[in-house]
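Colleague: The following block contains the structure, expressed as structure tokens.
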Amino acid sequence: MKIAIDAMGGDHAPKEIVLGAMDAVKEINNLEITLFGDEEKIKQFLTNQERIKIIHTDEVISGNDEPVRAVRRKKNSSMVKMAEEVKSGRADACISAGNTGALMSAGLFVVGRIPGIDRPALSPTLPTLDGQGFLMLDVGANVDAKPNHLLQYAIMGSVYAEKVRSIKNPRIGLLNVGTEDGKGNELTKKAFDLMKKAPINFVGNVEARDLLNGVADVVVTDGFSGNIALKTIEGTASSLFSMLKETFMASLKTKLAAGLVKSDLKGLKDKLDYSEYGGAALFGLAAPVIKAHGSSNRRAIYSAIKQTCNMVDQKMIETIKETVETLKQGGEES
């Protein structure tokens, strides 16, 4: 299995990307990694080149670059060259912690879409209180969506949850302002009707307040609502731990209490750690393309690589293609 990685993308590149790649080849058999980026900078941290090679690039797409323009103009950037490696078939999948919009553009213009999928979706796995996590899509690849797009998200999410996360008959929920049938705007009402007829385990509408309680294994929404929900979850978790730290450091008494519950608090923080679940997949593209969190450390990069390998091993893209084709044929016959 061959994975291409943008070594220059992310807040801690290339160090954490390189360290995570070395951890992955040590733990995953038959894995070969190609790192794209400034060879001199990468080699500072690459202490083991077994099954890891470097392809030098002299351009980087930054977080401030306009996505489409950057992909079209920076042809020798680490991200574009990484995507070309997948397009050519020299790599099975790719990973970047860099500019999300640029990665989406590189995925669309270089890697290409799955036939029958109108729009790819950005899809992270988010934590739940029981530690199982849930997949949410879309969280920002497309701020506008049509009912059929949400149906496609639901199908792709169901395939991923079953094939990669090994969830039998995964529960698919539609994010809405209430759980009753008929709730929501025109988009959610029409999407609800489509999902009820689809070959998925659709459990109906779900509310944002229930997401972390594991109300569904896959939660479907448009990119506008999904991004707001994602940022709210991230911000709430960050604020909560800041408040706890402030409270425990307020006096000698609370500092002593903090010492007693330190390991328990660390366990709680780990349960809510995004890095446990890997990166956000760009579902709908012709090969696995993974967006790692911009602040990814080596552990998060390792998790993203492991997640990507599972997608390749389980032939997730092929299954989505077959499912979409079957639905298309069924629709034509009816």
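All residue names refer to the structure tokens as shown: chains lettered A, B, ... in order, residues numbered from 1 in each chain, ligands numbered from 1 in order.
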Can you list every residue in region 37-245 of chain A that DSSP puts in strand (DSSP E or B), as number ranges by chain?
Modeller: A: 37, 52-56, 59, 77, 93-96, 113, 121-123, 125-126, 134-137, 171-175, 201-206, 218-220
Colleague: Write the residues of the selection above to a file with N, CA and C atoms, as an mmCIF file, in the first residue's frame.
Modeller:
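The resulting file, part.cif, is shown below:
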data_model
loop_
_atom_site.group_PDB
_atom_site.id
_atom_site.type_symbol
_atom_site.label_atom_id
_atom_site.label_comp_id
_atom_site.auth_asym_id
_atom_site.auth_seq_id
_atom_site.Cartn_x
_atom_site.Cartn_y
_atom_site.Cartn_z
ATOM 1 N N GLY A 37 7.675 17.693 -0.279
ATOM 2 C CA GLY A 37 8.012 18.953 0.349
ATOM 3 C C GLY A 37 9.485 19.282 0.226
ATOM 4 N N ILE A 52 10.117 4.877 3.377
ATOM 5 C CA ILE A 52 9.725 6.283 3.257
ATOM 6 C C ILE A 52 10.660 6.956 2.258
ATOM 7 N N LYS A 53 10.091 7.597 1.258
ATOM 8 C CA LYS A 53 10.916 8.348 0.315
ATOM 9 C C LYS A 53 10.432 9.797 0.236
ATOM 10 N N ILE A 54 11.299 10.649 -0.259
ATOM 11 C CA ILE A 54 10.987 12.076 -0.355
ATOM 12 C C ILE A 54 10.981 12.501 -1.818
ATOM 13 N N ILE A 55 9.982 13.274 -2.197
ATOM 14 C CA ILE A 55 9.983 13.937 -3.504
ATOM 15 C C ILE A 55 10.021 15.439 -3.235
ATOM 16 N N HIS A 56 11.094 16.065 -3.665
ATOM 17 C CA HIS A 56 11.323 17.484 -3.361
ATOM 18 C C HIS A 56 10.365 18.378 -4.147
ATOM 19 N N GLU A 59 7.484 24.640 -3.694
ATOM 20 C CA GLU A 59 6.374 25.558 -3.443
ATOM 21 C C GLU A 59 5.476 24.983 -2.351
ATOM 22 N N SER A 77 3.771 22.682 -5.949
ATOM 23 C CA SER A 77 3.577 22.680 -4.496
ATOM 24 C C SER A 77 3.471 21.250 -3.986
ATOM 25 N N ALA A 93 -3.657 6.654 -1.994
ATOM 26 C CA ALA A 93 -4.405 7.665 -1.251
ATOM 27 C C ALA A 93 -3.448 8.774 -0.831
ATOM 28 N N CYS A 94 -4.003 9.883 -0.317
ATOM 29 C CA CYS A 94 -3.136 10.985 0.115
ATOM 30 C C CYS A 94 -3.697 11.685 1.341
ATOM 31 N N ILE A 95 -2.784 12.378 2.046
ATOM 32 C CA ILE A 95 -3.116 13.050 3.303
ATOM 33 C C ILE A 95 -2.440 14.418 3.340
ATOM 34 N N SER A 96 -3.170 15.433 3.817
ATOM 35 C CA SER A 96 -2.578 16.751 4.027
ATOM 36 C C SER A 96 -3.223 17.407 5.236
ATOM 37 N N ARG A 113 -13.711 13.154 -9.227
ATOM 38 C CA ARG A 113 -14.843 12.643 -8.453
ATOM 39 C C ARG A 113 -15.218 11.215 -8.840
ATOM 40 N N ALA A 121 -17.930 15.600 0.142
ATOM 41 C CA ALA A 121 -18.245 16.115 1.473
ATOM 42 C C ALA A 121 -17.045 15.958 2.392
ATOM 43 N N LEU A 122 -16.816 16.954 3.236
ATOM 44 C CA LEU A 122 -15.749 16.892 4.227
ATOM 45 C C LEU A 122 -16.317 16.250 5.486
ATOM 46 N N SER A 123 -15.684 15.161 5.938
ATOM 47 C CA SER A 123 -16.352 14.294 6.913
ATOM 48 C C SER A 123 -15.424 13.816 8.030
ATOM 49 N N THR A 125 -14.671 12.290 11.939
ATOM 50 C CA THR A 125 -15.302 11.479 12.973
ATOM 51 C C THR A 125 -15.112 12.221 14.286
ATOM 52 N N LEU A 126 -16.214 12.528 14.946
ATOM 53 C CA LEU A 126 -16.194 13.342 16.158
ATOM 54 C C LEU A 126 -16.469 12.479 17.389
ATOM 55 N N PHE A 134 -18.851 9.533 16.129
ATOM 56 C CA PHE A 134 -19.806 9.532 15.028
ATOM 57 C C PHE A 134 -19.233 10.321 13.861
ATOM 58 N N LEU A 135 -19.642 9.951 12.658
ATOM 59 C CA LEU A 135 -19.203 10.620 11.432
ATOM 60 C C LEU A 135 -20.191 11.727 11.104
ATOM 61 N N MET A 136 -19.686 12.925 10.801
ATOM 62 C CA MET A 136 -20.581 14.011 10.384
ATOM 63 C C MET A 136 -20.155 14.516 9.013
ATOM 64 N N LEU A 137 -21.113 14.642 8.119
ATOM 65 C CA LEU A 137 -20.844 15.142 6.777
ATOM 66 C C LEU A 137 -22.080 15.839 6.236
ATOM 67 N N ARG A 171 -26.435 3.568 12.050
ATOM 68 C CA ARG A 171 -27.608 4.445 12.135
ATOM 69 C C ARG A 171 -27.305 5.791 11.468
ATOM 70 N N ILE A 172 -28.152 6.193 10.552
ATOM 71 C CA ILE A 172 -27.955 7.449 9.824
ATOM 72 C C ILE A 172 -28.998 8.460 10.290
ATOM 73 N N GLY A 173 -28.541 9.614 10.774
ATOM 74 C CA GLY A 173 -29.455 10.663 11.221
ATOM 75 C C GLY A 173 -29.301 11.926 10.395
ATOM 76 N N LEU A 174 -30.376 12.685 10.284
ATOM 77 C CA LEU A 174 -30.376 13.959 9.552
ATOM 78 C C LEU A 174 -30.437 15.091 10.572
ATOM 79 N N LEU A 175 -29.420 15.948 10.598
ATOM 80 C CA LEU A 175 -29.379 17.060 11.551
ATOM 81 C C LEU A 175 -30.514 18.032 11.264
ATOM 82 N N ASN A 201 -29.907 2.517 7.009
ATOM 83 C CA ASN A 201 -30.617 2.441 8.288
ATOM 84 C C ASN A 201 -30.882 3.860 8.788
ATOM 85 N N PHE A 202 -31.862 4.515 8.171
ATOM 86 C CA PHE A 202 -32.171 5.907 8.479
ATOM 87 C C PHE A 202 -33.035 5.976 9.737
ATOM 88 N N VAL A 203 -32.526 6.675 10.770
ATOM 89 C CA VAL A 203 -33.244 6.745 12.046
ATOM 90 C C VAL A 203 -34.006 8.057 12.207
ATOM 91 N N GLY A 204 -34.019 8.902 11.174
ATOM 92 C CA GLY A 204 -34.800 10.129 11.206
ATOM 93 C C GLY A 204 -33.999 11.357 11.596
ATOM 94 N N ASN A 205 -34.712 12.399 12.010
ATOM 95 C CA ASN A 205 -34.079 13.659 12.385
ATOM 96 C C ASN A 205 -33.388 13.547 13.742
ATOM 97 N N VAL A 206 -32.254 14.224 13.885
ATOM 98 C CA VAL A 206 -31.549 14.291 15.166
ATOM 99 C C VAL A 206 -31.222 15.744 15.460
ATOM 100 N N VAL A 218 -23.827 8.099 11.954
ATOM 101 C CA VAL A 218 -23.535 9.041 10.866
ATOM 102 C C VAL A 218 -24.571 10.148 10.925
ATOM 103 N N VAL A 219 -24.127 11.396 10.946
ATOM 104 C CA VAL A 219 -25.035 12.542 10.964
ATOM 105 C C VAL A 219 -24.825 13.339 9.684
ATOM 106 N N VAL A 220 -25.904 13.552 8.944
ATOM 107 C CA VAL A 220 -25.851 14.209 7.633
ATOM 108 C C VAL A 220 -26.409 15.620 7.731
#
Colleague: Using DSSP on the backbone coordinates, identify all residues within region 55-104 of chain A classified as alpha helix (DSSP H); present the result as number ranges by chain.
Modeller: A: 67-73, 78-87, 100-104
Colleague: Which residues come within 12 Å of Glu322 (chain A), counting only C-alpha atoms, excluding same-chain residues fewer than 2 positions away, as a compact mmCIF listing (two decimals) with N, CA and C atoms, in the first residue's frame?
Modeller:
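File produced: around_30.txt:
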# COMPACT_ATOMS: atom_id res chain seq x y z
N ILE A 114 -15.95 10.57 -7.95
CA ILE A 114 -16.59 9.29 -8.27
C ILE A 114 -17.76 9.57 -9.21
N PRO A 115 -17.89 8.84 -10.31
CA PRO A 115 -19.04 9.04 -11.20
C PRO A 115 -20.36 8.89 -10.44
N GLY A 116 -21.26 9.85 -10.60
CA GLY A 116 -22.55 9.79 -9.92
C GLY A 116 -22.62 10.58 -8.64
N ILE A 117 -21.45 11.03 -8.13
CA ILE A 117 -21.42 11.87 -6.93
C ILE A 117 -21.29 13.32 -7.38
N ILE A 155 -25.39 7.95 1.98
CA ILE A 155 -24.95 6.66 1.42
C ILE A 155 -23.45 6.48 1.62
N MET A 156 -22.67 7.53 1.32
CA MET A 156 -21.21 7.43 1.49
C MET A 156 -20.84 7.25 2.96
N VAL A 159 -21.54 3.64 4.05
CA VAL A 159 -20.50 2.72 3.54
C VAL A 159 -19.24 2.83 4.39
N LYS A 315 -11.52 -1.29 0.51
CA LYS A 315 -12.02 -0.94 -0.83
C LYS A 315 -13.27 -0.05 -0.74
N MET A 316 -13.17 0.98 0.09
CA MET A 316 -14.32 1.84 0.33
C MET A 316 -14.78 2.58 -0.92
N ILE A 317 -13.83 3.09 -1.69
CA ILE A 317 -14.19 3.85 -2.89
C ILE A 317 -14.92 2.96 -3.88
N GLU A 318 -14.44 1.73 -4.06
CA GLU A 318 -15.08 0.78 -4.97
C GLU A 318 -16.50 0.47 -4.51
N THR A 319 -16.71 0.35 -3.19
CA THR A 319 -18.04 0.05 -2.66
C THR A 319 -18.99 1.20 -2.89
N ILE A 320 -18.51 2.44 -2.70
CA ILE A 320 -19.35 3.61 -2.97
C ILE A 320 -19.74 3.65 -4.44
N VAL A 324 -23.62 3.51 -5.64
CA VAL A 324 -24.19 4.61 -6.43
C VAL A 324 -24.71 4.10 -7.77
N GLU A 325 -23.95 3.21 -8.41
CA GLU A 325 -24.36 2.66 -9.70
C GLU A 325 -25.63 1.83 -9.55
N THR A 326 -25.72 1.05 -8.49
CA THR A 326 -26.92 0.22 -8.24
C THR A 326 -28.14 1.10 -8.05
N LEU A 327 -27.99 2.18 -7.26
CA LEU A 327 -29.10 3.10 -7.02
C LEU A 327 -29.52 3.79 -8.32
N LYS A 328 -28.53 4.13 -9.12
CA LYS A 328 -28.80 4.80 -10.40
C LYS A 328 -29.60 3.88 -11.32
N GLN A 329 -29.19 2.62 -11.40
CA GLN A 329 -29.89 1.66 -12.24
C GLN A 329 -31.31 1.42 -11.73
Colleague: I want to know what sits within 10 Å of region 48-50 of chain A, based on only C-alpha atoms, with residues of the same chain fewer than 3 positions away left out; could you give that as a tab-separated table (two decimals) with C-alpha atoms, in the first residue's frame?
Modeller:
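To be explicit, this is the file written out as out-v6.tsv:
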chain	number	residue	atom	x	y	z
A	18	VAL	CA	7.58	13.19	9.42
A	19	LEU	CA	7.43	11.77	12.96
A	21	ALA	CA	4.96	8.87	9.10
A	22	MET	CA	7.86	7.07	10.78
A	23	ASP	CA	5.51	5.81	13.52
A	25	VAL	CA	5.66	2.48	8.83
A	26	LYS	CA	6.91	0.96	12.08
A	32	GLU	CA	5.12	2.74	1.79
A	33	ILE	CA	5.01	6.50	2.27
A	43	LYS	CA	15.55	15.24	6.32
A	45	PHE	CA	13.55	14.92	11.22
A	53	LYS	CA	10.92	8.35	0.31
A	54	ILE	CA	10.99	12.08	-0.36
Colleague: Taking 6 positions as the minimum chain separation for residues in the same chain, which residues sit within 10 Å of Thr232 (chain A) when counting only C-alpha atoms? Answer as a list in words.
Modeller: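 The residues that qualify are Ala208, Gly226 and Ser238 of chain A.
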Colleague: Using only C-alpha atoms, find each residue in region 113-155 of chain A having at least one atom no more than 12 Å away from region 179-192 of chain A; report its shortest atom-to-atom pair and that distance in Å (one decimal), rows by chain then rising number, as CSV.
Modeller:
residue,atom,partner,partner_atom,distance
A:Asp144,CA,A:Leu187,CA,10.0
A:Ala145,CA,A:Leu187,CA,7.9
A:Lys146,CA,A:Leu187,CA,6.5
A:Pro147,CA,A:Ala191,CA,4.4
A:Asn148,CA,A:Ala191,CA,6.8
A:His149,CA,A:Ala191,CA,8.5
A:Leu150,CA,A:Ala191,CA,6.3
A:Leu151,CA,A:Ala191,CA,6.4
A:Gln152,CA,A:Ala191,CA,10.0
A:Tyr153,CA,A:Ala191,CA,10.6
A:Ala154,CA,A:Ala191,CA,9.9
Colleague: A:Ala102, A:Ala91, A:Ala304, A:Glu39: which is nearest Asp65 (chain A), counting only C-alpha atoms?
Modeller: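 Looking at the shortest contact to Asp65 (chain A), the residue is A:Ala102.
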Colleague: Could you check which of A:Gln44, A:Asp38, A:Tyr160, A:Ala258 is closest to Gln307 (chain A), using only C-alpha atoms?
Modeller: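 With only C-alpha atoms as the atom set, the closest residue is A:Tyr160.
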Colleague: With only C-alpha atoms as the atoms that count, which of A:Asp210, A:Asp222, A:Asp11, A:Asp118 lies nearest to Gly63 (chain A)?
Modeller: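 Counting only C-alpha atoms, the residue closest to Gly63 (chain A) is A:Asp11.
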Colleague: Using only C-alpha atoms, which of the listed residues (A:Leu35, A:Leu244, A:Met311, A:Leu194) sits closest to Met82 (chain A)?
Modeller: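 The answer is A:Leu35, which sits nearest to Met82 (chain A).
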Colleague: Of the candidates A:Ile233, A:Ile305, A:Leu129, A:Ala257, which shows the shortest atom-to-atom distance to Val215 (chain A), using only C-alpha atoms?
Modeller: A:Leu129
